[in-house]
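Text of the file query06.cif, holding mmCIF, C-alpha atoms:
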data_structure
loop_
_atom_site.label_atom_id
_atom_site.label_comp_id
_atom_site.auth_asym_id
_atom_site.auth_seq_id
_atom_site.Cartn_x
_atom_site.Cartn_y
_atom_site.Cartn_z
CA MET A 11 0.00 0.00 0.00
CA THR A 12 1.64 3.25 -1.14
CA VAL A 13 0.89 6.73 0.15
CA TRP A 14 -1.09 7.43 -3.03
CA ASP A 15 -3.73 4.79 -2.31
CA ASP A 16 -5.86 7.21 -0.30
CA LEU A 17 -6.21 9.63 -3.22
CA VAL A 18 -9.57 8.46 -4.53
CA GLY A 19 -10.12 9.13 -8.23
CA GLN A 20 -7.00 11.31 -8.53
CA GLU A 21 -4.78 9.12 -10.72
CA ARG A 22 -3.43 12.06 -12.75
CA ILE A 23 -2.45 13.99 -9.61
CA SER A 24 -0.86 10.88 -8.09
CA GLU A 25 1.31 10.41 -11.17
CA GLN A 26 2.52 14.02 -11.08
CA LEU A 27 3.32 13.90 -7.38
CA ASP A 28 5.05 10.54 -7.73
CA ALA A 29 7.29 11.94 -10.48
CA ALA A 30 8.07 15.03 -8.36
CA ALA A 31 8.89 12.84 -5.33
CA ARG A 32 11.32 10.79 -7.45
CA ASP A 33 13.09 13.95 -8.59
CA ALA A 34 13.12 15.29 -5.01
CA ASP A 35 14.73 12.06 -3.87
CA ALA A 36 17.33 12.37 -6.62
CA LEU A 37 18.08 15.96 -5.58
CA VAL A 38 18.75 14.96 -1.96
CA THR A 39 20.88 12.02 -3.07
CA ALA A 40 22.89 14.24 -5.44
CA VAL A 41 23.64 16.72 -2.65
CA ALA A 42 24.70 13.92 -0.30
CA THR A 43 27.06 12.37 -2.87
CA ASP A 44 28.28 15.60 -4.53
CA ALA A 45 26.79 14.35 -7.79
CA PRO A 46 25.33 16.79 -10.35
CA PRO A 47 21.59 17.47 -9.77
CA PRO A 48 19.11 15.97 -12.25
CA GLU A 49 18.09 18.14 -15.18
CA ALA A 50 14.51 19.30 -15.81
CA SER A 51 13.38 18.38 -12.31
CA LYS A 52 9.65 18.14 -11.67
CA MET A 53 10.25 19.14 -8.05
CA THR A 54 9.70 22.69 -6.83
CA HIS A 55 9.69 24.48 -3.47
CA ALA A 56 6.00 25.48 -3.30
CA TRP A 57 2.79 23.68 -4.30
CA LEU A 58 -0.85 24.77 -4.29
CA PHE A 59 -3.51 22.03 -4.04
CA THR A 60 -7.03 23.12 -4.98
CA GLY A 61 -10.29 21.31 -5.54
CA PRO A 62 -13.89 21.05 -4.32
CA PRO A 63 -14.67 20.06 -0.72
CA GLY A 64 -14.01 16.38 -0.12
CA ALA A 65 -11.81 15.87 -3.18
CA GLY A 66 -8.82 15.18 -0.94
CA ARG A 67 -6.66 18.33 -1.06
CA ASN A 68 -5.18 17.79 2.39
CA GLN A 69 -4.77 14.05 1.82
CA ALA A 70 -2.87 14.68 -1.42
CA ALA A 71 -0.58 17.19 0.27
CA ARG A 72 0.09 14.88 3.21
CA ALA A 73 0.74 11.92 0.91
CA PHE A 74 3.28 14.05 -0.97
CA ALA A 75 4.88 15.07 2.35
CA ALA A 76 5.17 11.39 3.27
CA ALA A 77 6.75 10.56 -0.10
CA LEU A 78 9.31 13.34 0.41
CA GLN A 79 10.24 11.90 3.82
CA CYS A 80 10.26 8.27 2.66
CA VAL A 81 13.32 6.32 3.87
CA SER A 82 12.46 2.93 2.41
CA PRO A 83 15.56 1.01 1.29
CA ASP A 84 13.69 0.06 -1.89
CA ARG A 85 14.45 3.54 -3.23
CA ALA A 86 18.06 2.52 -3.79
CA LEU A 87 16.82 -0.34 -5.98
CA GLY A 88 14.71 1.94 -8.16
CA GLY A 89 11.57 1.89 -6.04
CA SER A 90 9.36 4.95 -5.89
CA PRO A 91 9.34 7.12 -2.73
CA GLY A 92 6.15 6.82 -0.73
CA CYS A 93 6.10 3.18 0.30
CA GLY A 94 3.60 3.89 3.09
CA PHE A 95 5.34 1.55 5.57
CA CYS A 96 8.68 3.09 6.53
CA ASP A 97 9.13 5.34 9.55
CA GLY A 98 9.28 8.48 7.40
CA CYS A 99 6.01 7.71 5.61
CA HIS A 100 4.24 6.47 8.72
CA THR A 101 5.02 9.49 10.92
CA ALA A 102 4.32 11.98 8.11
CA LEU A 103 0.90 10.46 7.47
CA LEU A 104 0.10 10.47 11.19
CA GLY A 105 1.25 14.08 11.57
CA THR A 106 4.03 13.30 14.06
CA HIS A 107 7.09 13.70 11.83
CA ALA A 108 9.50 16.28 13.26
CA ASP A 109 10.06 17.86 9.85
CA VAL A 110 6.44 18.03 8.69
CA THR A 111 4.64 21.02 10.22
CA THR A 112 0.89 21.32 9.74
CA VAL A 113 -0.96 24.63 10.05
CA ALA A 114 -4.77 24.68 10.17
CA ALA A 115 -7.20 27.47 11.01
CA VAL A 116 -8.30 27.35 14.63
CA GLY A 117 -11.03 29.93 14.13
CA SER A 118 -12.20 31.69 11.01
CA GLN A 119 -8.67 32.88 10.16
CA ILE A 120 -5.05 31.80 10.37
CA LEU A 121 -3.52 34.59 12.43
CA ALA A 122 0.00 35.95 12.12
CA ASP A 123 0.74 34.61 15.62
CA ASP A 124 -0.19 31.12 14.42
CA MET A 125 2.32 31.40 11.55
CA ARG A 126 5.25 33.10 13.28
CA ASP A 127 7.01 29.99 14.61
CA THR A 128 6.19 28.03 11.45
CA VAL A 129 7.73 30.64 9.16
CA ARG A 130 10.80 30.74 11.37
CA LYS A 131 11.07 26.96 11.20
CA SER A 132 10.79 27.00 7.41
CA PHE A 133 14.19 28.68 7.18
CA THR A 134 15.93 25.89 9.10
CA SER A 135 17.37 22.65 7.76
CA PRO A 136 15.43 19.43 8.40
CA ALA A 137 16.23 17.93 11.80
CA ASN A 138 16.27 14.27 10.79
CA GLY A 139 14.11 14.05 7.67
CA ARG A 140 15.00 14.59 4.05
CA TRP A 141 12.95 17.80 3.65
CA GLN A 142 11.47 20.52 5.83
CA VAL A 143 7.78 20.37 4.85
CA ILE A 144 5.24 23.08 5.77
CA LEU A 145 1.63 22.02 5.11
CA VAL A 146 -1.01 24.79 5.32
CA GLU A 147 -4.41 23.07 5.26
CA ASP A 148 -6.57 26.21 5.09
CA ALA A 149 -4.59 28.63 2.94
CA GLU A 150 -7.79 30.50 2.05
CA ARG A 151 -8.08 31.48 5.72
CA LEU A 152 -4.75 33.33 5.84
CA ASN A 153 -5.42 36.93 6.81
CA GLU A 154 -3.39 39.85 5.44
CA LYS A 155 -0.57 39.65 7.98
CA SER A 156 -0.20 35.87 7.98
CA ALA A 157 -0.38 35.78 4.16
CA ASN A 158 2.41 38.33 3.92
CA ALA A 159 4.54 36.23 6.27
CA VAL A 160 3.97 33.18 4.07
CA LEU A 161 4.78 35.20 0.94
CA LYS A 162 8.18 36.21 2.29
CA ALA A 163 8.97 32.59 3.16
CA VAL A 164 7.82 31.27 -0.21
CA GLU A 165 9.79 33.94 -2.11
CA GLU A 166 13.13 32.92 -0.64
CA PRO A 167 12.81 29.44 0.89
CA ALA A 168 15.59 27.42 2.40
CA PRO A 169 17.17 24.92 -0.06
CA ARG A 170 15.38 21.89 1.40
CA THR A 171 12.08 23.47 2.46
CA VAL A 172 8.81 22.69 0.67
CA TRP A 173 5.55 24.61 1.15
CA LEU A 174 2.28 22.74 0.51
CA LEU A 175 -0.76 25.04 0.47
CA CYS A 176 -4.36 23.76 0.26
CA ALA A 177 -7.38 25.88 -0.73
CA PRO A 178 -10.77 25.38 -2.44
CA SER A 179 -9.75 27.36 -5.54
CA ILE A 180 -6.78 29.25 -6.91
CA GLU A 181 -8.70 32.53 -6.50
CA ASP A 182 -8.81 31.97 -2.72
CA VAL A 183 -5.03 32.53 -2.49
CA LEU A 184 -3.21 35.84 -2.95
CA PRO A 185 -1.95 36.26 -6.55
CA THR A 186 1.55 36.96 -5.24
CA ILE A 187 1.59 33.62 -3.42
CA ARG A 188 -0.07 31.45 -6.05
CA SER A 189 2.25 32.80 -8.77
CA ARG A 190 5.15 31.22 -6.88
CA CYS A 191 3.47 27.82 -6.51
CA ARG A 192 2.97 24.88 -8.82
CA HIS A 193 -0.79 24.42 -9.06
CA LEU A 194 -2.54 21.04 -8.87
CA ASN A 195 -6.32 20.98 -9.20
CA LEU A 196 -8.11 17.90 -7.87
CA SER A 197 -11.41 16.80 -9.35
CA THR A 198 -14.51 15.49 -7.60
CA PRO A 199 -14.20 11.69 -7.28
CA SER A 200 -16.95 9.63 -8.86
CA VAL A 201 -19.56 7.89 -6.72
CA ASP A 202 -18.31 4.51 -7.94
CA ALA A 203 -14.69 5.33 -7.01
CA ILE A 204 -15.68 6.32 -3.47
CA ALA A 205 -17.88 3.26 -3.00
CA ASP A 206 -15.07 1.01 -4.20
CA MET A 207 -12.66 2.65 -1.72
CA LEU A 208 -15.07 2.16 1.18
CA VAL A 209 -15.42 -1.53 0.37
CA ARG A 210 -11.69 -2.15 -0.11
CA ARG A 211 -10.20 0.09 2.59
CA GLU A 212 -12.89 0.23 5.26
CA GLY A 213 -14.54 -3.19 4.86
CA VAL A 214 -17.98 -1.61 4.40
CA GLU A 215 -20.80 -3.64 2.87
CA PRO A 216 -21.27 -2.75 -0.82
CA GLU A 217 -24.87 -1.55 -0.32
CA VAL A 218 -23.89 0.73 2.59
CA ALA A 219 -20.86 2.00 0.68
CA ALA A 220 -22.92 2.83 -2.40
CA ALA A 221 -25.55 4.66 -0.32
CA ALA A 222 -22.92 6.71 1.53
CA ALA A 223 -21.13 7.60 -1.71
CA ARG A 224 -24.39 8.71 -3.34
CA ALA A 225 -25.47 10.74 -0.33
CA THR A 226 -22.20 12.69 -0.09
CA GLN A 227 -21.81 13.26 -3.85
CA GLY A 228 -18.03 13.03 -4.10
CA HIS A 229 -16.96 14.04 -0.58
CA VAL A 230 -14.55 11.29 0.48
CA ASP A 231 -14.25 12.08 4.20
CA ARG A 232 -18.00 12.53 4.67
CA ALA A 233 -18.67 9.28 2.82
CA ARG A 234 -16.21 7.43 5.04
CA ARG A 235 -17.77 8.86 8.19
CA LEU A 236 -21.31 8.19 7.01
CA ALA A 237 -20.47 4.60 6.10
CA THR A 238 -18.63 3.78 9.33
CA ASP A 239 -20.34 5.91 12.01
CA PRO A 240 -23.95 5.05 12.98
CA ALA A 241 -24.27 8.35 14.87
CA ALA A 242 -23.47 10.27 11.69
CA ARG A 243 -26.19 8.37 9.84
CA GLN A 244 -28.67 9.19 12.61
CA ARG A 245 -27.82 12.91 12.47
CA ARG A 246 -28.23 12.95 8.68
CA ALA A 247 -31.58 11.15 8.95
CA ALA A 248 -32.78 13.77 11.45
CA VAL A 249 -31.74 16.61 9.12
CA LEU A 250 -33.53 15.06 6.13
CA LYS A 251 -36.78 14.90 8.15
CA LEU A 252 -36.68 18.65 8.75
CA PRO A 253 -38.37 19.77 5.46
CA LEU A 254 -41.50 17.82 6.41
CA ARG A 255 -41.70 19.36 9.88
CA LEU A 256 -42.05 23.02 8.91
CA GLY A 257 -45.82 23.32 8.73
CA GLU A 258 -46.15 25.80 11.62
CA ILE A 259 -44.06 28.72 12.83
CA GLY A 260 -43.48 27.01 16.17
CA ALA A 261 -42.21 23.92 14.41
CA CYS A 262 -39.77 26.08 12.40
CA LEU A 263 -38.33 27.63 15.55
CA LYS A 264 -38.10 24.25 17.26
CA ALA A 265 -36.34 22.68 14.28
CA ALA A 266 -33.84 25.56 14.19
CA GLN A 267 -33.10 25.16 17.90
CA GLU A 268 -32.54 21.42 17.46
CA LEU A 269 -30.11 21.96 14.58
CA VAL A 270 -28.07 24.48 16.55
CA ASP A 271 -28.12 22.34 19.71
CA ALA A 272 -26.96 19.27 17.76
CA ALA A 273 -24.08 21.27 16.25
CA ALA A 274 -23.10 22.60 19.67
CA GLU A 275 -23.13 19.09 21.13
CA ASP A 276 -20.93 17.85 18.27
CA ALA A 277 -18.47 20.67 18.92
CA LYS A 278 -18.46 19.93 22.64
CA GLN A 279 -17.76 16.23 22.16
CA LEU A 280 -14.96 16.86 19.68
CA ALA A 281 -13.41 19.56 21.85
CA GLU A 282 -13.47 17.88 25.25
CA GLU A 283 -10.76 15.32 24.60
CA THR A 284 -8.52 17.67 22.63
CA ASP A 285 -8.89 20.59 25.04
CA THR A 286 -8.16 18.48 28.11
CA LYS A 287 -5.06 16.97 26.51
CA GLU A 288 -3.75 20.35 25.38
CA THR A 289 -4.34 21.94 28.77
CA ASP A 290 -2.64 19.11 30.68
CA GLU A 291 0.36 19.15 28.32
CA LEU A 292 0.78 22.91 28.65
CA LYS A 293 0.49 22.80 32.44
CA ALA A 294 3.15 20.09 32.57
CA ALA A 295 5.42 22.09 30.25
CA LEU A 296 5.00 25.18 32.44
CA GLY A 297 5.86 23.22 35.57
CA ALA A 298 2.51 23.07 37.34
CA SER A 299 2.63 21.53 40.81
CA GLN A 300 0.82 18.31 41.70
CA GLY A 301 -2.11 20.27 43.11
CA GLY A 302 -2.54 22.05 39.77
CA ARG A 303 -1.08 25.34 41.04
CA MET A 304 0.49 27.25 38.17
CA PRO A 305 3.80 29.12 38.48
CA ARG A 306 3.70 32.90 38.51
CA GLY A 307 3.68 34.64 35.16
CA THR A 308 1.94 31.82 33.28
CA ALA A 309 -1.64 33.12 33.43
CA GLY A 310 -1.27 34.86 30.08
CA VAL A 311 -0.11 31.68 28.37
CA MET A 312 -3.07 29.73 29.74
CA LYS A 313 -5.44 32.53 28.66
CA ASP A 314 -4.05 32.36 25.11
CA LEU A 315 -4.72 28.61 25.03
CA GLU A 316 -8.28 29.11 26.30
CA ASP A 317 -8.93 31.73 23.60
CA LYS A 318 -7.57 29.36 20.94
CA GLN A 319 -9.78 26.53 22.19
CA LYS A 320 -12.82 28.82 22.21
CA ARG A 321 -12.18 29.82 18.58
CA ARG A 322 -11.82 26.17 17.63
CA ARG A 323 -15.11 25.21 19.32
CA THR A 324 -16.89 28.02 17.48
CA ARG A 325 -15.48 26.88 14.17
CA THR A 326 -16.34 23.25 14.88
CA GLN A 327 -19.94 24.24 15.62
CA ARG A 328 -20.11 26.23 12.36
CA ASP A 329 -18.62 23.28 10.45
CA SER A 330 -21.23 20.94 11.95
CA LEU A 331 -24.01 23.32 10.97
CA ASP A 332 -22.55 23.62 7.49
CA LEU A 333 -22.66 19.85 7.16
CA ALA A 334 -26.38 19.88 7.98
CA LEU A 335 -26.94 22.68 5.46
CA THR A 336 -25.10 20.64 2.83
CA ASP A 337 -27.46 17.72 3.44
CA LEU A 338 -30.47 20.03 3.18
CA THR A 339 -29.19 21.50 -0.09
CA ALA A 340 -28.77 18.01 -1.53
CA PHE A 341 -32.31 17.15 -0.41
CA TYR A 342 -33.87 20.12 -2.24
CA ARG A 343 -31.61 19.51 -5.23
CA ASP A 344 -33.21 16.07 -5.49
CA VAL A 345 -36.66 17.63 -5.18
CA LEU A 346 -35.84 20.01 -8.02
CA ALA A 347 -34.55 17.16 -10.17
CA LEU A 348 -37.86 15.33 -9.74
CA GLN A 349 -39.87 18.45 -10.50
CA LEU A 350 -37.95 19.09 -13.72
CA GLY A 351 -37.94 15.45 -14.79
CA SER A 352 -34.16 15.38 -14.83
CA ARG A 353 -32.33 12.12 -15.40
CA VAL A 354 -29.63 13.00 -12.89
CA ALA A 355 -29.17 10.34 -10.19
CA LEU A 356 -30.77 11.16 -6.84
CA ALA A 357 -28.42 11.54 -3.89
CA ASN A 358 -30.99 10.70 -1.20
CA THR A 359 -32.71 7.59 -2.48
CA ASP A 360 -33.32 6.45 1.12
CA VAL A 361 -35.92 9.24 1.54
CA GLU A 362 -37.41 9.11 -1.94
CA ASP A 363 -40.98 9.11 -0.59
CA ALA A 364 -40.38 12.48 1.08
CA LEU A 365 -38.74 13.82 -2.07
CA GLN A 366 -41.72 12.78 -4.18
CA ARG A 367 -44.17 14.34 -1.73
CA LEU A 368 -42.44 17.73 -1.69
CA ALA A 369 -41.93 17.64 -5.45
CA GLN A 370 -45.69 17.27 -5.95
CA GLU A 371 -46.68 19.80 -3.29
CA SER A 372 -44.51 22.69 -4.50
CA SER A 373 -43.15 24.28 -7.66
CA PRO A 374 -39.59 24.39 -9.04
CA GLU A 375 -39.54 28.13 -8.32
CA ALA A 376 -40.32 27.50 -4.65
CA THR A 377 -37.61 24.85 -4.46
CA LEU A 378 -35.06 27.26 -5.92
CA ARG A 379 -36.04 29.87 -3.34
CA ARG A 380 -35.51 27.29 -0.61
CA ILE A 381 -32.05 26.44 -1.92
CA GLU A 382 -31.29 30.18 -1.97
CA ALA A 383 -32.46 30.44 1.66
CA ILE A 384 -29.97 27.75 2.67
CA ALA A 385 -27.20 29.61 0.82
CA ALA A 386 -28.22 32.83 2.61
CA CYS A 387 -27.95 31.03 5.96
CA ARG A 388 -24.43 29.96 5.03
CA ASP A 389 -23.50 33.54 4.15
CA ALA A 390 -24.94 34.75 7.44
CA LEU A 391 -22.91 32.23 9.42
CA ASP A 392 -19.77 33.28 7.53
CA SER A 393 -20.55 36.87 8.56
CA ASN A 394 -20.68 35.81 12.24
CA VAL A 395 -24.43 36.16 12.62
CA ALA A 396 -25.62 34.30 15.73
CA PRO A 397 -26.21 30.68 14.60
CA LEU A 398 -29.72 30.44 16.07
CA LEU A 399 -30.89 33.64 14.36
CA ALA A 400 -29.44 32.55 11.00
CA VAL A 401 -30.99 29.08 11.17
CA GLU A 402 -34.38 30.41 12.37
CA ALA A 403 -34.47 32.78 9.39
CA MET A 404 -33.70 29.85 7.12
CA THR A 405 -36.37 27.53 8.49
CA MET A 406 -38.97 30.29 8.19
CA ALA A 407 -37.93 30.84 4.57
CA LEU A 408 -38.11 27.09 3.89
CA ARG A 409 -41.65 27.09 5.25
CA ALA A 410 -42.68 30.02 3.07
CA GLY A 411 -41.15 28.53 -0.08
#
Turn this file's structure into structure tokens for me.
Amino acid sequence: MTVWDDLVGQERISEQLDAAARDADALVTAVATDAPPPEASKMTHAWLFTGPPGAGRNQAARAFAAALQCVSPDRALGGSPGCGFCDGCHTALLGTHADVTTVAAVGSQILADDMRDTVRKSFTSPANGRWQVILVEDAERLNEKSANAVLKAVEEPAPRTVWLLCAPSIEDVLPTIRSRCRHLNLSTPSVDAIADMLVRREGVEPEVAAAAARATQGHVDRARRLATDPAARQRRAAVLKLPLRLGEIGACLKAAQELVDAAAEDAKQLAEETDTKETDELKAALGASQGGRMPRGTAGVMKDLEDKQKRRRTRTQRDSLDLALTDLTAFYRDVLALQLGSRVALANTDVEDALQRLAQESSPEATLRRIEAIAACRDALDSNVAPLLAVEAMTMALRAG
């Protein structure tokens, strides 16, 4: 199993990255042996991975990072870097490699403070790996100051430093940064490719795999979670019942409250384990006593961690709400397809009775207005409108049609 096996439906991208990893390996070997570097190398110091949600931008970047750090002895025999089994590949894929630094947005933005140490590290030589790899998972969330810091590092990188930036589209990244990167655009994987992956890699029953792949319409991570997590299937089922519950104003307000509460509970569950671990590790690093008493002068550091955790919980809640809104959009998209007699495959075949009922009871124009209401709710959440107010406005608009 190579590191490229997790890139579902991205054969062209895998081939390009594999060729670049081979040339990168040859470059490191040439430096170590004082041999001349290879000509026309496909390797470069900065890469930009773009593609729709769920296509696997971050997975592709991390697989490439693993291939760059691969220490398999098979390389000396002509094998391709990225075996997936050696210590370099294993730790890079897990995110524990000392020379692979991952930056992800904690809140709505990647702040300059979040990038300062990373940019400083990018100018150093790798500690024990073959390359110093900086992976920015949410490059579209760089604010002005953090983006300028990245630009300076990308303009004049250290000889063995590689920047891997991930964003939904090339337009989401500053022109000055993207002009210095090699661009790779991932495509949406097919439903069949995702279903095949779930059967082979996750051991999911073919029927469950096919249903999860159809429901998520090309989103690999969501399909995996839906196929393997019963709680995720229950949450999706609850969301898909919402359109039939909006007959009265009170029901709209209740449904909105339930959506927001479910998202908050998701955020709480995801945050509890991470927050506790982070807090304990920081207290130990600061020299807290056995009774939990902190040394003097450390209150500011603990406050910074609490603020970071609060931003992360808020973002997690918004992400959970966005997932529900995605399911609702797919539901009404299916309704519209039925109303227009389209031959496009339905994503939510498990609730086809509800789709047929709404398709008969309303018009295509009303369905389009409902889809627009969901998009407006998304925009409101992005603008930091209180989640409950945004979702209540949406459910009222869904009722009105």
For the structure shown, which residues end up in the PyMOL selection byres ((chain A and resi 259) around 10)? Put them as a count of residues only, please? 14
Can you list, as a ChimeraX atom specification, every protein, DNA or RNA residue that comes within 6 Å of stretch 112-126 of chain A when you count only C-alpha atoms, leaving out same-chain residues fewer than 3 positions away? /A:129,145-148,151-152,155-156,321-322,325
For A:Ala75: contacts at 12 Å, all atoms listed in the file, fewer than 2 positions along chain excluded, given as number ranges by chain: A: 13-14, 27-28, 30-31, 34, 56-57, 68-73, 77-80, 91-92, 94, 98-112, 139-146, 171-175
Find the residues near stretch 189-202 of chain A: any atom within 7 Å, counting all atoms listed in the file, skip ones fewer than 2 places away on the same chain, and give them as a PyMOL selection string. chain A and resi 18-20+56-62+65+67+185-187+204-206+223-224+227-228
Apply the PyMOL selection byres ((chain A and resi 388) around 12) to the structure shown and report the selected residues as a ChimeraX atom specification. /A:328-336,338-339,381-387,389-397,399-401,403-404
Suppose you want the space between atom CA of A:Thr377 and atom CA of A:Leu254; what is it in Å?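 Distance reported for this atom pair: 13.5 Å.
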Would you write out, as a VMD selection string, every residue that the PyMOL selection byres ((chain A and resi 243-246) around 12) captures in this file? chain A and resid 218 221 to 222 225 to 226 232 to 242 247 to 252 268 to 269 271 to 273 275 to 276 330 to 331 333 to 338 340 to 341 358 360 to 361
